[in-house]
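J.: Can you keep this structure in mind? I'll have questions shortly.
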Amino acid sequence: MKITSSTKLLAVIGDPVKHSFSPLMQNAAVRALGLDLCYVAFHVRPESVGAALNGMRALNIMGMNVTVPHKEAVIPFLDEISDEAARVGAVNTIHHIEGRLIGYNTDVYGILTSLKETAGLAPLPPTVAVLGASGAARGVVYGLGTRPEVERILIYNRTPEKAESLAREMSPWTHARLESYPLAETELVAGLRSSQLLINTTSVGMHPRVDESPVGDGAALHPDLVVYDIVFNPLETKLIRQAQAVGAKGVGGIEMLVYQGAKSFEIWTGIYPPVEVMKAALPRR
């Protein structure tokens, strides 16, 4: 990659961010397309989010991805957000156009495309359980809830009030029935009995906490469940191993990362990048 004084910058911000695979896959797409761009990662702490976005303007950074825990925190510092991002209440992609910062949510596209292309779920099952109620969960719940075949979404969170709030906020935009529960074994066992798909949107199990699982000992899992973990580092989380151990299908989040990143790339450049090139740039173990 040749970097010159005319090279435009793309970036991702998060806390932490050193685990991010986005620079690998986005720079692979840049090279494949021969564009004068470079993608880097910035570690931004919560108290510095506003300063980071002011820096995006000042340094004329062309585009930015936003990861945990900043997807909601960036919104007050943007000039405009897309309708979908407004409904989700979370932004993971920012496009800088002539001093204006415009926010988008490509997690919705990422999860729905990945569930179809990677997990083989077309159509989606009628009952889905979602772990977590943060920015990532918002995109997942919104995306699932807009699919006509999804009838019921069970939202579990260690702080039940956050799950209740998410269900309440998403209800106007989805036709599915949204139910909230505490993330505890008793509730999980009861809810997963009637669920065909479980999606983990929490960061539990992400590097360096690789020996942790959001479902504890995995007693709530069963063979008729597809378990989708949006954590992508490590590629095989403890949750995925627990699913496989009971005969369930376990799917990691690397493809969701690629598809949401491809949509971000298209927003910034107007070009849909070569997805297979992006996948090939990522670690396989």
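Going by the structure tokens order, chains are called A, B, ..., each with residues numbered from 1, while ligands are numbered from 1 in the order shown.
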Determine which residues of stretch 44-247 of chain A DSSP labels as alpha helix (DSSP H) from the backbone of this structure, then write them out as a PyMOL selection string.

T.: chain A and resi 49-58+83-88+107-117+135-145+160-170+185-192+238-245

J.: DSSP says strand (DSSP E) for which residues of stretch 118-239 of chain A? Put them as a PyMOL selection string?

T.: chain A and resi 127-131+152-157+177-182+197-200+226-229

J.: Need to verify the contact set: A:Leu192, 12 Å, only C-alpha atoms, exclusion of same-chain residues closer than 4 positions in sequence. Can you return it as an NGL selection string?

T.: :A and (127-131 or 152-156 or 181 or 183-188 or 196-199 or 215 or 218-227)

J.: Could you save the residues just selected, with C-alpha atoms, as a compact mmCIF listing (two decimals), in the first residue's frame?

T.:
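Here's the written file out.txt:
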# COMPACT_ATOMS: atom_id res chain seq x y z
CA THR A 127 -38.75 -17.49 17.67
CA VAL A 128 -35.33 -15.95 18.33
CA ALA A 129 -33.50 -15.31 21.60
CA VAL A 130 -31.07 -12.38 21.81
CA LEU A 131 -28.48 -11.98 24.57
CA ARG A 152 -41.27 -13.52 18.69
CA ILE A 153 -37.96 -12.14 20.01
CA LEU A 154 -36.81 -12.89 23.56
CA ILE A 155 -34.32 -10.33 24.87
CA TYR A 156 -32.09 -11.33 27.79
CA TYR A 181 -36.03 -11.31 30.62
CA LEU A 183 -30.05 -13.17 31.73
CA ALA A 184 -30.21 -16.04 34.22
CA GLU A 185 -30.19 -19.81 33.83
CA THR A 186 -33.81 -20.41 34.84
CA GLU A 187 -35.16 -17.89 32.34
CA LEU A 188 -32.79 -19.10 29.60
CA GLN A 196 -34.77 -22.02 17.16
CA LEU A 197 -32.06 -19.33 17.04
CA LEU A 198 -29.88 -17.78 19.75
CA ILE A 199 -27.81 -14.68 18.99
CA VAL A 215 -24.87 -18.74 29.01
CA GLY A 218 -24.50 -24.05 28.66
CA ALA A 219 -27.26 -26.11 30.28
CA ALA A 220 -29.93 -24.09 28.43
CA LEU A 221 -28.61 -25.05 24.97
CA HIS A 222 -30.21 -27.86 22.95
CA PRO A 223 -29.56 -29.65 19.62
CA ASP A 224 -32.40 -27.95 17.71
CA LEU A 225 -30.86 -24.52 18.20
CA VAL A 226 -28.67 -22.46 15.87
CA VAL A 227 -26.26 -20.48 18.06

J.: Under the rule that only C-alpha atoms are counted, which of A:His70, A:Arg147, A:Lys8, A:Arg284 is the nearest residue to A:Val108?

T.: A:Arg147

J.: List as number ranges by chain the protein and nucleic acid residues near A:Leu239, meaning an atom at most 12 Å away when only C-alpha atoms are counted, but skip any in the same chain fewer than 3 places from it.

T.: A: 131, 198-206, 209-221, 226-232, 234-236, 242-246, 248-253

J.: With only C-alpha atoms as the atoms that count, which of A:Ile97, A:Ile271, A:Ala119, A:Ile111 lies nearest to A:Val140?

T.: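 Distance minimum relative to A:Val140 lands on A:Ile111.
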
J.: Tell me, counting only C-alpha atoms, for each residue of stretch 100-188 of chain A within 12 Å of stretch 51-61 of chain A, which pair of atoms is nearest and how far apart they are in Å to one decimal, in rows ordered by chain and increasing number, as JSON lines.

T.:
{"residue": "A:Arg100", "atom": "CA", "partner": "A:Arg57", "partner_atom": "CA", "distance": 7.7}
{"residue": "A:Leu101", "atom": "CA", "partner": "A:Arg57", "partner_atom": "CA", "distance": 7.8}
{"residue": "A:Ile102", "atom": "CA", "partner": "A:Leu53", "partner_atom": "CA", "distance": 11.2}
{"residue": "A:Gly103", "atom": "CA", "partner": "A:Leu53", "partner_atom": "CA", "distance": 11.5}

J.: With a distance cut-off of 9 Å and only C-alpha atoms, select the neighbouring residues of A:Lys162, excluding the residue or stretch itself and same-chain residues fewer than 5 positions from it, and output the selection as a list of chain:residue names.

T.: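 These residues fall inside the cut-off: A:Gly132, A:Ala133, A:Ser134, A:Asn157, A:Ala167, A:Ser180.
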
J.: Please, what distance in Å, to one decimal, runs between atom CA of A:Ala262 and atom CA of A:Gly89?

T.: 20.9 Å

J.: One decimal, Å: what's the distance from atom CA of A:Thr93 over to atom CA of A:Gly145, could you say?

T.: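 Computing it gives 21.3 Å between the two atoms.
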
J.: Using only C-alpha atoms, which of A:Ile254, A:Leu178, A:Ile240, A:Asn27 sits nearest A:Pro283?

T.: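 Going through A:Ile254, A:Leu178, A:Ile240, A:Asn27 one by one, the smallest distance to A:Pro283 is for A:Ile254.
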